[in-house]
$ cat target_9.pdb   # PDB, C-alpha atoms
ATOM      1  CA  MET A  56     131.724  95.655 191.528
ATOM      2  CA  GLY A  57     129.773  96.434 188.357
ATOM      3  CA  PRO A  58     126.260  95.404 187.343
ATOM      4  CA  ALA A  59     125.365  91.945 186.068
ATOM      5  CA  ALA A  60     125.210  91.147 182.353
ATOM      6  CA  PHE A  61     121.444  91.268 181.868
ATOM      7  CA  VAL A  62     118.519  93.632 181.415
ATOM      8  CA  THR A  63     115.257  92.864 183.173
ATOM      9  CA  GLY A  64     111.609  93.759 182.808
ATOM     10  CA  LEU A  65     109.240  94.560 185.664
ATOM     11  CA  SER A  66     105.747  93.258 186.287
ATOM     12  CA  GLY A  67     103.636  96.375 186.709
ATOM     13  CA  LEU A  68     103.239 100.034 187.591
ATOM     14  CA  THR A  69     105.039  99.828 190.936
ATOM     15  CA  LEU A  70     107.780  97.635 192.331
ATOM     16  CA  THR A  71     106.619  94.629 194.305
ATOM     17  CA  PRO A  72     108.540  93.690 197.467
ATOM     18  CA  ASP A  73     109.912  90.654 195.621
ATOM     19  CA  GLU A  74     111.147  92.837 192.763
ATOM     20  CA  THR A  75     112.819  95.244 195.175
ATOM     21  CA  ALA A  76     114.653  92.356 196.819
ATOM     22  CA  PHE A  77     115.550  90.867 193.420
ATOM     23  CA  LEU A  78     116.976  94.126 192.080
ATOM     24  CA  ARG A  79     118.955  94.688 195.266
ATOM     25  CA  THR A  80     120.580  91.261 194.985
ATOM     26  CA  ALA A  81     120.803  90.620 191.228
ATOM     27  CA  LYS A  82     121.926  94.151 190.200
ATOM     28  CA  PRO A  83     120.989  94.073 186.494
ATOM     29  CA  ALA A  84     122.750  96.373 184.061
ATOM     30  CA  GLY A  85     119.441  97.711 182.837
ATOM     31  CA  LEU A  86     115.658  97.867 183.104
ATOM     32  CA  ILE A  87     113.214  97.743 180.203
ATOM     33  CA  LEU A  88     109.729  99.238 180.349
ATOM     34  CA  PHE A  89     106.594  98.115 178.508
ATOM     35  CA  ALA A  90     103.002  99.333 178.332
ATOM     36  CA  ARG A  91     102.204  97.386 181.519
ATOM     37  CA  ASN A  92     104.685  99.626 183.354
ATOM     38  CA  VAL A  93     103.250 102.902 182.080
ATOM     39  CA  ASP A  94     100.281 104.963 183.292
ATOM     40  CA  HIS A  95     101.237 108.619 183.668
ATOM     41  CA  PRO A  96     104.536 110.560 183.821
ATOM     42  CA  ASP A  97     104.859 110.847 187.605
ATOM     43  CA  GLN A  98     104.189 107.114 187.979
ATOM     44  CA  VAL A  99     106.910 106.250 185.422
ATOM     45  CA  ARG A 100     109.406 108.545 187.128
ATOM     46  CA  ARG A 101     108.628 106.973 190.501
ATOM     47  CA  LEU A 102     108.963 103.417 189.185
ATOM     48  CA  ILE A 103     112.345 104.172 187.615
ATOM     49  CA  ALA A 104     113.595 105.981 190.717
ATOM     50  CA  ASP A 105     112.498 103.153 193.012
ATOM     51  CA  ALA A 106     114.160 100.550 190.793
ATOM     52  CA  GLN A 107     117.439 102.473 190.587
ATOM     53  CA  THR A 108     117.395 102.915 194.365
ATOM     54  CA  ALA A 109     116.919  99.176 194.835
ATOM     55  CA  ILE A 110     119.810  98.394 192.481
ATOM     56  CA  GLY A 111     121.957 100.929 194.297
ATOM     57  CA  THR A 112     123.404 102.621 191.199
ATOM     58  CA  THR A 113     122.397 104.221 187.920
ATOM     59  CA  VAL A 114     121.780 101.694 185.149
ATOM     60  CA  LEU A 115     120.382 101.895 181.632
ATOM     61  CA  VAL A 116     116.609 102.338 181.434
ATOM     62  CA  LEU A 117     115.326 101.023 178.110
ATOM     63  CA  VAL A 118     112.100 101.344 176.155
ATOM     64  CA  ASP A 119     110.924 100.472 172.632
ATOM     65  CA  GLN A 120     109.757 103.879 171.429
ATOM     66  CA  GLU A 121     110.177 103.341 167.690
ATOM     67  CA  GLY A 122     106.892 104.970 166.702
ATOM     68  CA  GLY A 123     103.954 103.501 164.840
ATOM     69  CA  ARG A 124     102.770 100.210 166.308
ATOM     70  CA  VAL A 125     105.861  99.780 168.500
ATOM     71  CA  GLN A 126     105.514 102.626 170.961
ATOM     72  CA  ARG A 127     105.204 101.945 174.697
ATOM     73  CA  LEU A 128     104.513 105.567 175.680
ATOM     74  CA  ARG A 129     101.337 106.736 173.960
ATOM     75  CA  PRO A 130      98.805 109.573 173.976
ATOM     76  CA  PRO A 131      97.295 111.237 175.894
ATOM     77  CA  HIS A 132     100.405 111.673 178.049
ATOM     78  CA  TRP A 133     102.945 111.226 175.247
ATOM     79  CA  ARG A 134     103.205 112.065 171.557
ATOM     80  CA  GLU A 135     102.085 109.907 168.679
ATOM     81  CA  LEU A 136     105.214 109.075 166.674
ATOM     82  CA  PRO A 137     105.725 108.139 163.006
ATOM     83  CA  SER A 138     106.297 104.569 161.898
ATOM     84  CA  GLY A 139     109.308 103.607 159.842
ATOM     85  CA  THR A 140     107.194 103.698 156.688
ATOM     86  CA  HIS A 141     106.137 107.273 157.468
ATOM     87  CA  TYR A 142     109.802 108.295 157.375
ATOM     88  CA  ALA A 143     110.374 106.303 154.181
ATOM     89  CA  ALA A 144     107.401 107.968 152.490
ATOM     90  CA  ARG A 145     108.752 111.380 153.418
ATOM     91  CA  VAL A 146     112.122 110.443 151.858
ATOM     92  CA  ALA A 147     110.319 109.843 148.561
ATOM     93  CA  ILE A 148     109.045 113.438 148.676
ATOM     94  CA  ASP A 149     112.206 115.257 149.801
ATOM     95  CA  ALA A 150     115.126 113.127 150.954
ATOM     96  CA  ASP A 151     117.229 115.895 152.495
ATOM     97  CA  ALA A 152     114.282 117.332 154.395
ATOM     98  CA  ALA A 153     113.219 113.882 155.562
ATOM     99  CA  ILE A 154     116.626 113.129 157.030
ATOM    100  CA  ALA A 155     116.716 116.465 158.856
ATOM    101  CA  GLU A 156     113.175 115.881 160.126
ATOM    102  CA  ALA A 157     114.014 112.405 161.400
ATOM    103  CA  SER A 158     116.937 113.761 163.399
ATOM    104  CA  SER A 159     114.830 116.581 164.826
ATOM    105  CA  ILE A 160     111.988 114.232 165.814
ATOM    106  CA  ALA A 161     114.444 111.835 167.455
ATOM    107  CA  ARG A 162     115.854 114.735 169.462
ATOM    108  CA  LEU A 163     112.308 115.557 170.574
ATOM    109  CA  VAL A 164     111.742 111.914 171.582
ATOM    110  CA  ALA A 165     114.981 112.007 173.561
ATOM    111  CA  HIS A 166     113.746 115.058 175.446
ATOM    112  CA  ASP A 167     110.506 113.283 176.359
ATOM    113  CA  LEU A 168     112.301 110.105 177.448
ATOM    114  CA  ARG A 169     114.895 111.909 179.554
ATOM    115  CA  ASP A 170     112.098 113.811 181.284
ATOM    116  CA  LEU A 171     110.996 110.432 182.661
ATOM    117  CA  GLY A 172     114.449 109.052 183.461
ATOM    118  CA  ILE A 173     114.579 106.761 180.399
ATOM    119  CA  THR A 174     118.076 106.713 178.913
ATOM    120  CA  CYS A 175     117.922 104.144 176.100
ATOM    121  CA  ASN A 176     115.600 103.769 173.104
ATOM    122  CA  CYS A 177     115.675 100.450 171.233
ATOM    123  CA  THR A 178     115.693 101.938 167.742
ATOM    124  CA  PRO A 179     116.533 102.504 164.866
ATOM    125  CA  VAL A 180     115.247  99.412 163.070
ATOM    126  CA  LEU A 181     117.764  98.765 160.271
ATOM    127  CA  ASP A 182     116.207  95.576 158.923
ATOM    128  CA  VAL A 183     115.780  95.419 155.139
ATOM    129  CA  PRO A 184     112.400  93.793 154.391
ATOM    130  CA  VAL A 185     111.878  91.487 151.414
ATOM    131  CA  ALA A 186     108.674  90.643 149.588
ATOM    132  CA  GLY A 187     106.669  88.010 151.422
ATOM    133  CA  ALA A 188     108.402  88.480 154.768
ATOM    134  CA  HIS A 189     106.388  88.269 157.979
ATOM    135  CA  ALA A 190     104.791  91.512 159.139
ATOM    136  CA  VAL A 191     106.704  91.389 162.448
ATOM    137  CA  ILE A 192     108.985  94.023 160.876
ATOM    138  CA  GLY A 193     106.594  95.435 158.273
ATOM    139  CA  SER A 194     105.838  99.115 158.891
ATOM    140  CA  ARG A 195     108.688  99.309 161.387
ATOM    141  CA  ALA A 196     111.205  99.228 158.525
ATOM    142  CA  LEU A 197     112.673 102.499 157.270
ATOM    143  CA  GLY A 198     111.793 101.564 153.708
ATOM    144  CA  GLN A 199     113.220  98.902 151.420
ATOM    145  CA  ASP A 200     116.154 100.816 149.959
ATOM    146  CA  VAL A 201     119.463 100.171 151.728
ATOM    147  CA  ALA A 202     120.801 103.690 151.212
ATOM    148  CA  GLY A 203     117.581 105.237 152.505
ATOM    149  CA  ILE A 204     117.545 102.968 155.557
ATOM    150  CA  ILE A 205     121.128 103.949 156.349
ATOM    151  CA  ALA A 206     120.437 107.681 156.032
ATOM    152  CA  LEU A 207     117.274 107.600 158.126
ATOM    153  CA  GLY A 208     118.784 105.227 160.702
ATOM    154  CA  GLN A 209     121.760 107.509 161.155
ATOM    155  CA  ALA A 210     119.516 110.556 161.517
ATOM    156  CA  LEU A 211     117.360 108.886 164.162
ATOM    157  CA  ALA A 212     120.362 107.618 166.096
ATOM    158  CA  ASP A 213     122.153 110.968 165.962
ATOM    159  CA  GLY A 214     119.042 112.791 167.173
ATOM    160  CA  LEU A 215     118.665 110.458 170.138
ATOM    161  CA  MET A 216     122.331 110.784 171.085
ATOM    162  CA  ALA A 217     122.125 114.581 170.873
ATOM    163  CA  GLY A 218     119.463 114.308 173.569
ATOM    164  CA  GLY A 219     121.483 112.013 175.811
ATOM    165  CA  VAL A 220     119.599 108.836 174.891
ATOM    166  CA  LEU A 221     121.403 105.668 173.826
ATOM    167  CA  PRO A 222     120.103 104.286 170.504
ATOM    168  CA  VAL A 223     120.078 100.507 169.975
ATOM    169  CA  MET A 224     120.112  99.493 166.312
ATOM    170  CA  LYS A 225     118.213  96.318 165.595
ATOM    171  CA  HIS A 226     118.047  93.492 164.720
ATOM    172  CA  ILE A 227     121.694  92.829 163.865
ATOM    173  CA  PRO A 228     122.737  91.267 161.491
ATOM    174  CA  GLY A 229     119.254  91.520 159.912
ATOM    175  CA  HIS A 230     115.648  90.424 160.446
ATOM    176  CA  GLY A 231     114.079  91.567 157.179
ATOM    177  CA  ARG A 232     113.945  88.105 155.552
ATOM    178  CA  SER A 233     112.132  86.397 158.408
ATOM    179  CA  MET A 234     109.036  84.559 157.188
ATOM    180  CA  VAL A 235     107.738  83.911 160.720
ATOM    181  CA  ASP A 236     107.362  85.918 163.927
ATOM    182  CA  THR A 237     110.258  85.200 166.302
ATOM    183  CA  HIS A 238     107.926  85.771 169.238
ATOM    184  CA  HIS A 239     106.375  82.418 168.301
ATOM    185  CA  GLU A 240     108.650  80.532 165.875
ATOM    186  CA  LEU A 241     112.273  80.237 164.770
ATOM    187  CA  PRO A 242     112.928  81.665 161.287
ATOM    188  CA  THR A 243     115.634  80.310 158.996
ATOM    189  CA  VAL A 244     117.147  82.500 156.280
ATOM    190  CA  THR A 245     118.722  80.588 153.398
ATOM    191  CA  ALA A 246     120.224  83.476 151.416
ATOM    192  CA  SER A 247     123.916  83.243 150.667
ATOM    193  CA  GLU A 248     126.444  85.183 152.708
ATOM    194  CA  SER A 249     127.384  87.270 149.663
ATOM    195  CA  GLU A 250     123.756  88.254 149.081
ATOM    196  CA  LEU A 251     123.271  89.076 152.764
ATOM    197  CA  ALA A 252     126.398  91.241 152.730
ATOM    198  CA  VAL A 253     125.016  93.654 150.130
ATOM    199  CA  THR A 254     121.509  93.821 151.607
ATOM    200  CA  ASP A 255     120.754  92.721 155.178
ATOM    201  CA  PHE A 256     124.195  93.374 156.661
ATOM    202  CA  ALA A 257     124.840  96.644 154.809
ATOM    203  CA  PRO A 258     122.920  99.111 157.045
ATOM    204  CA  PHE A 259     124.579  97.705 160.159
ATOM    205  CA  LYS A 260     128.005  97.886 158.560
ATOM    206  CA  ALA A 261     127.450 101.508 157.523
ATOM    207  CA  LEU A 262     126.406 102.413 161.079
ATOM    208  CA  ALA A 263     128.812 100.098 162.911
ATOM    209  CA  TYR A 264     130.148 103.098 164.826
ATOM    210  CA  LEU A 265     126.902 103.339 166.812
ATOM    211  CA  PRO A 266     127.268 102.447 170.499
ATOM    212  CA  ALA A 267     124.701  99.626 170.895
ATOM    213  CA  ALA A 268     122.864  96.935 168.941
ATOM    214  CA  MET A 269     120.320  94.158 169.506
ATOM    215  CA  THR A 270     120.681  90.728 167.934
ATOM    216  CA  ALA A 271     118.168  88.816 165.826
ATOM    217  CA  HIS A 272     116.755  85.431 166.808
ATOM    218  CA  VAL A 273     117.229  84.237 163.226
ATOM    219  CA  VAL A 274     119.164  81.275 161.814
ATOM    220  CA  PHE A 275     121.380  82.172 158.845
ATOM    221  CA  SER A 276     121.906  78.715 157.384
ATOM    222  CA  ALA A 277     124.725  79.794 155.071
ATOM    223  CA  ILE A 278     126.778  80.848 158.105
ATOM    224  CA  ASP A 279     125.641  78.727 161.055
ATOM    225  CA  PRO A 280     122.751  76.328 160.403
ATOM    226  CA  ALA A 281     122.819  75.052 163.988
ATOM    227  CA  ALA A 282     122.159  78.223 165.998
ATOM    228  CA  THR A 283     120.315  81.531 165.929
ATOM    229  CA  ALA A 284     122.413  84.643 165.406
ATOM    230  CA  SER A 285     121.789  85.459 169.088
ATOM    231  CA  THR A 286     123.380  82.220 170.258
ATOM    232  CA  SER A 287     125.959  81.697 167.511
ATOM    233  CA  ALA A 288     129.554  82.555 168.325
ATOM    234  CA  LEU A 289     130.274  82.130 164.615
ATOM    235  CA  VAL A 290     127.727  84.769 163.575
ATOM    236  CA  ILE A 291     128.768  87.150 166.334
ATOM    237  CA  ASP A 292     132.525  86.755 165.765
ATOM    238  CA  ARG A 293     132.650  86.488 161.980
ATOM    239  CA  ILE A 294     129.694  88.620 160.932
ATOM    240  CA  ILE A 295     128.707  91.080 163.688
ATOM    241  CA  ARG A 296     132.163  91.804 165.102
ATOM    242  CA  GLY A 297     134.033  90.846 161.913
ATOM    243  CA  HIS A 298     132.378  91.683 158.588
ATOM    244  CA  ILE A 299     130.059  94.353 160.008
ATOM    245  CA  GLY A 300     132.762  95.665 162.338
ATOM    246  CA  PHE A 301     130.461  96.486 165.225
ATOM    247  CA  GLY A 302     132.470  97.169 168.377
ATOM    248  CA  GLY A 303     129.751  98.480 170.662
ATOM    249  CA  LEU A 304     127.478  97.054 173.347
ATOM    250  CA  LEU A 305     125.636  93.986 172.052
ATOM    251  CA  MET A 306     122.425  92.794 173.682
ATOM    252  CA  SER A 307     120.180  89.901 172.770
ATOM    253  CA  ASP A 308     116.602  90.225 171.663
ATOM    254  CA  ASP A 309     114.105  89.116 174.313
ATOM    255  CA  LEU A 310     114.965  85.714 175.773
ATOM    256  CA  SER A 311     111.264  84.956 176.288
ATOM    257  CA  MET A 312     110.629  84.664 172.555
ATOM    258  CA  GLN A 313     109.729  81.183 171.404
ATOM    259  CA  ALA A 314     112.351  81.267 168.645
ATOM    260  CA  LEU A 315     114.721  80.128 171.414
ATOM    261  CA  ARG A 316     114.690  76.760 173.157
ATOM    262  CA  GLY A 317     115.612  75.578 176.643
ATOM    263  CA  SER A 318     115.060  77.046 180.088
ATOM    264  CA  LEU A 319     115.506  80.767 180.616
ATOM    265  CA  ARG A 320     118.768  80.048 182.388
ATOM    266  CA  GLU A 321     119.967  78.040 179.394
ATOM    267  CA  ARG A 322     118.920  80.740 176.970
ATOM    268  CA  ALA A 323     120.731  83.454 178.930
ATOM    269  CA  ALA A 324     123.840  81.310 179.233
ATOM    270  CA  ALA A 325     123.765  80.601 175.494
ATOM    271  CA  VAL A 326     123.587  84.231 174.349
ATOM    272  CA  LEU A 327     126.305  85.280 176.783
ATOM    273  CA  ALA A 328     128.575  82.363 175.838
ATOM    274  CA  ALA A 329     128.214  83.312 172.166
ATOM    275  CA  GLY A 330     129.672  86.750 172.839
ATOM    276  CA  THR A 331     126.653  88.915 173.616
ATOM    277  CA  ASP A 332     127.345  91.505 176.326
ATOM    278  CA  LEU A 333     123.835  91.675 177.834
ATOM    279  CA  ALA A 334     121.017  89.122 177.978
ATOM    280  CA  LEU A 335     117.636  90.835 177.594
ATOM    281  CA  HIS A 336     114.595  89.474 179.434
ATOM    282  CA  CYS A 337     111.368  91.409 179.138
ATOM    283  CA  ASN A 338     108.222  89.799 180.543
ATOM    284  CA  GLY A 339     108.631  90.642 184.250
ATOM    285  CA  GLN A 340     107.889  87.097 185.449
ATOM    286  CA  MET A 341     109.899  86.594 188.622
ATOM    287  CA  ALA A 342     110.687  82.898 188.181
ATOM    288  CA  GLU A 343     112.162  83.595 184.753
ATOM    289  CA  MET A 344     113.977  86.705 185.972
ATOM    290  CA  GLU A 345     115.691  84.655 188.648
ATOM    291  CA  GLN A 346     116.801  82.065 186.090
ATOM    292  CA  VAL A 347     118.282  84.735 183.833
ATOM    293  CA  ALA A 348     120.067  86.387 186.757
ATOM    294  CA  SER A 349     121.563  83.053 187.813
ATOM    295  CA  ALA A 350     123.311  82.756 184.422
ATOM    296  CA  ALA A 351     124.573  86.349 184.215
ATOM    297  CA  PRO A 352     128.008  87.157 185.604
ATOM    298  CA  MET A 353     129.057  90.645 186.584
ATOM    299  CA  LEU A 354     130.151  92.704 183.591
ATOM    300  CA  ALA A 355     133.895  92.535 183.117
ATOM    301  CA  GLY A 356     136.591  93.051 180.497
ATOM    302  CA  ARG A 357     135.478  94.217 177.068
ATOM    303  CA  SER A 358     131.809  93.925 177.972
ATOM    304  CA  ALA A 359     132.294  96.289 180.900
ATOM    305  CA  ASP A 360     134.163  98.721 178.649
ATOM    306  CA  ARG A 361     131.398  98.629 176.035
ATOM    307  CA  TYR A 362     128.774  99.194 178.714
ATOM    308  CA  ALA A 363     130.716 102.181 180.075
ATOM    309  CA  ARG A 364     130.962 103.703 176.595
ATOM    310  CA  ALA A 365     127.239 103.196 176.081
ATOM    311  CA  MET A 366     126.430 104.784 179.425
ATOM    312  CA  ALA A 367     128.610 107.780 178.502
ATOM    313  CA  VAL A 368     126.178 108.631 175.688
ATOM    314  CA  THR A 369     123.558 109.448 178.334
ATOM    315  CA  THR A 370     125.611 112.178 180.021
ATOM    316  CA  ALA A 371     125.272 115.002 177.467
ATOM    317  CA  GLN A 372     122.281 116.787 175.985
ATOM    318  CA  ALA A 373     122.540 119.401 173.221
ATOM    319  CA  PRO A 374     120.001 122.239 173.028
ATOM    320  CA  PHE A 375     117.317 122.131 170.340
ATOM    321  CA  ASN A 376     114.337 124.037 169.021
ATOM    322  CA  MET A 377     111.305 122.209 170.429
ATOM    323  CA  ALA A 378     108.770 124.134 168.362
ATOM    324  CA  ALA A 379     110.618 123.342 165.139
ATOM    325  CA  ALA A 380     110.886 119.669 166.135
ATOM    326  CA  GLU A 381     107.160 119.494 166.855
ATOM    327  CA  SER A 382     106.487 121.014 163.438
ATOM    328  CA  CYS A 383     108.669 118.320 161.846
ATOM    329  CA  LEU A 384     106.714 115.659 163.700
ATOM    330  CA  GLN A 385     103.383 116.885 162.366
ATOM    331  CA  ARG A 386     104.774 117.073 158.825
ATOM    332  CA  VAL A 387     105.973 113.476 158.881
ATOM    333  CA  LEU A 388     102.785 112.184 160.510
ATOM    334  CA  GLY A 389     100.816 113.875 157.750
ATOM    335  CA  VAL A 390     102.480 111.831 154.995
ATOM    336  CA  THR A 391     100.691 108.660 153.929
ATOM    337  CA  PRO A 392     103.051 105.657 154.157
ATOM    338  CA  THR A 393     103.697 103.831 150.889
ATOM    339  CA  THR A 394     103.459 100.342 152.451
TER     340      THR A 394
END

$ encode --input "target_9.pdb" --output "structure tokens"
Amino acid sequence: MGPAAFVTGLSGLTLTPDETAFLRTAKPAGLILFARNVDHPDQVRRLIADAQTAIGTTVLVLVDQEGGRVQRLRPPHWRELPSGTHYAARVAIDADAAIAEASSIARLVAHDLRDLGITCNCTPVLDVPVAGAHAVIGSRALGQDVAGIIALGQALADGLMAGGVLPVMKHIPGHGRSMVDTHHELPTVTASESELAVTDFAPFKALAYLPAAMTAHVVFSAIDPAATASTSALVIDRIIRGHIGFGGLLMSDDLSMQALRGSLRERAAAVLAAGTDLALHCNGQMAEMEQVASAAPMLAGRSADRYARAMAVTTAQAPFNMAAAESCLQRVLGVTPTT
């Protein structure tokens, strides 16, 4: 019997007895780590090992290690990483070099994550920001030019995969027009489907071959005015699986965000019913974790196949030149972002 169709957070630096019992029974398909789970490398390794032992099998271990302000592993134990706008600024100087540097830095990040037992990085961010949008994306974006976002996103994803780390492109089908923070409010995008197709959807369509993606808690009123993309079967079927052509593992954004309504059980049930493969719950609060688990069936059918393909990415690691990658990192960090 396979794992259940959800990813869970944990409360702290070590497993509590309740968490051990929960993991043993609920058997999530993945774990996601945040700053509250991170102190030093040996502690992170121990936490991951203890959680995998409790689950009884190897599952995905996720982190948001984008760089810039979204980076759970930080100095002094881990490297400072560039923001999306750092990469975009480097493209303006030398596009070919910037793309090669992004791939090399991502390979270096993969090395650092695998050293801890982390097998999945929730990046690249492929959202196309517009003027006046909320800063929730902001410096995380890989610029404002669709072609540049595609090139950098591909380089980052390829570098991670070369190091045996699963990339998760986000936030499909696009979060760049959001005027509010989905952690606190529900954004509605009113742009037409034709306009969205040539901007917001375009990076995801170009990189639809990638093995995993995370949905956006955004209402696209021209497509489905009644539901967020995360909970809309219409958006998932017609846009994400259809127009974009994404056939990989699809997970929701965090169910705890206030852009969603209802109990945590209802939220998990809604994203899974809409066609999402994995419900993501991040905050490590046991009562909520139990609700999410109660709505998540064991992975089966196409979802199980997509999960297996995603897991396969974590089995191979290509060699690389660490010194050259570290030099790339310093070069990109030294460029002043344009936004």

$ resolve_selection --input "target_9.pdb" --expression "the PyMOL selection byres ((chain A and resi 321) around 12)" --output "list in words"
Thr286, Leu310, Ser311, Leu315, Arg316, Gly317, Ser318, Leu319, Arg320, Arg322, Ala323, Ala324, Ala325, Val326, Leu327, Ala328, Ala334, Glu343, Gln346, Val347, Ala348, Ser349, Ala350 and Ala351 of chain A

$ resolve_selection --input "target_9.pdb" --expression "the PyMOL selection byres ((chain A and resi 244) around 10)" --output "CSV table (one decimal) with C-alpha atoms, keeping the file's coordinate frame"
chain,number,residue,atom,x,y,z
A,229,GLY,CA,119.3,91.5,159.9
A,230,HIS,CA,115.6,90.4,160.4
A,231,GLY,CA,114.1,91.6,157.2
A,232,ARG,CA,113.9,88.1,155.6
A,233,SER,CA,112.1,86.4,158.4
A,234,MET,CA,109.0,84.6,157.2
A,242,PRO,CA,112.9,81.7,161.3
A,243,THR,CA,115.6,80.3,159.0
A,245,THR,CA,118.7,80.6,153.4
A,246,ALA,CA,120.2,83.5,151.4
A,247,SER,CA,123.9,83.2,150.7
A,251,LEU,CA,123.3,89.1,152.8
A,273,VAL,CA,117.2,84.2,163.2
A,274,VAL,CA,119.2,81.3,161.8
A,275,PHE,CA,121.4,82.2,158.8
A,276,SER,CA,121.9,78.7,157.4
A,277,ALA,CA,124.7,79.8,155.1
A,278,ILE,CA,126.8,80.8,158.1
A,280,PRO,CA,122.8,76.3,160.4

$ atom_distance --input "target_9.pdb" --atom1 "CA of Arg293 in chain A" --atom2 "CA of Val191 in chain A"
26.4 Å

$ residues_near_point --input "target_9.pdb" --point "(122.3, 97.2, 172.2)" --cutoff "8 Å" --atoms "only C-alpha atoms" --output "count of residues only"
15

$ resolve_selection --input "target_9.pdb" --expression "the PyMOL selection byres ((chain A and resi 252-256) around 8)" --output "count of residues only"
17

$ closest_residue --input "target_9.pdb" --among "A:Arg127, A:His132, A:His95, A:His166" --to "Ala380 in chain A" --atoms "only C-alpha atoms"
A:His166

$ atom_distance --input "target_9.pdb" --atom1 "CA of Ala60 in chain A" --atom2 "CA of Ala281 in chain A"
24.5 Å

$ residues_near_point --input "target_9.pdb" --point "(132.5, 99.3, 162.5)" --cutoff "9 Å" --atoms "only C-alpha atoms" --output "PyMOL selection string"
chain A and resi 259-265+296-303

$ closest_residue --input "target_9.pdb" --among "A:Ala161, A:Met216, A:Ala81, A:Leu354" --to "Ile110 in chain A" --atoms "all atoms listed in the file"
A:Ala81

$ atom_distance --input "target_9.pdb" --atom1 "CA of Ala90 in chain A" --atom2 "CA of Gly64 in chain A"
11.2 Å

$ closest_residue --input "target_9.pdb" --among "A:Ala104, A:Leu215, A:Val114, A:Ala76" --to "Ala165 in chain A" --atoms "all atoms listed in the file"
A:Leu215

$ closest_residue --input "target_9.pdb" --among "A:Gly139, A:Pro130, A:Gly339, A:Pro352" --to "Ile87 in chain A" --atoms "all atoms listed in the file"
A:Gly339

$ residues_around --input "target_9.pdb" --residues "range 147-151 of chain A" --least-positions-apart "4" --cutoff "12 Å" --atoms "only C-alpha atoms" --output "list in words"
Thr140, His141, Tyr142, Ala143, Ala155, Glu156, Ala157, Ser158, Leu197, Gly198, Gln199, Asp200, Ala202, Gly203, Ile204, Ala206, Leu207, Ala210, Arg386, Val387, Val390, Thr391, Pro392 and Thr393 of chain A

$ write_last_selection --input "target_9.pdb" --atoms "C-alpha atoms" --output "short mmCIF file (atom, residue, chain, number, x, y, z; two decimals), in the coordinates of the input"
data_model
loop_
_atom_site.label_atom_id
_atom_site.label_comp_id
_atom_site.auth_asym_id
_atom_site.auth_seq_id
_atom_site.Cartn_x
_atom_site.Cartn_y
_atom_site.Cartn_z
CA THR A 140 107.19 103.70 156.69
CA HIS A 141 106.14 107.27 157.47
CA TYR A 142 109.80 108.30 157.38
CA ALA A 143 110.37 106.30 154.18
CA ALA A 155 116.72 116.46 158.86
CA GLU A 156 113.18 115.88 160.13
CA ALA A 157 114.01 112.40 161.40
CA SER A 158 116.94 113.76 163.40
CA LEU A 197 112.67 102.50 157.27
CA GLY A 198 111.79 101.56 153.71
CA GLN A 199 113.22 98.90 151.42
CA ASP A 200 116.15 100.82 149.96
CA ALA A 202 120.80 103.69 151.21
CA GLY A 203 117.58 105.24 152.50
CA ILE A 204 117.54 102.97 155.56
CA ALA A 206 120.44 107.68 156.03
CA LEU A 207 117.27 107.60 158.13
CA ALA A 210 119.52 110.56 161.52
CA ARG A 386 104.77 117.07 158.82
CA VAL A 387 105.97 113.48 158.88
CA VAL A 390 102.48 111.83 155.00
CA THR A 391 100.69 108.66 153.93
CA PRO A 392 103.05 105.66 154.16
CA THR A 393 103.70 103.83 150.89
#

$ residues_around --input "target_9.pdb" --residues "Gly330 in chain A" --least-positions-apart "4" --cutoff "8 Å" --atoms "only C-alpha atoms" --output "number ranges by chain"
A: 288, 291-292, 326
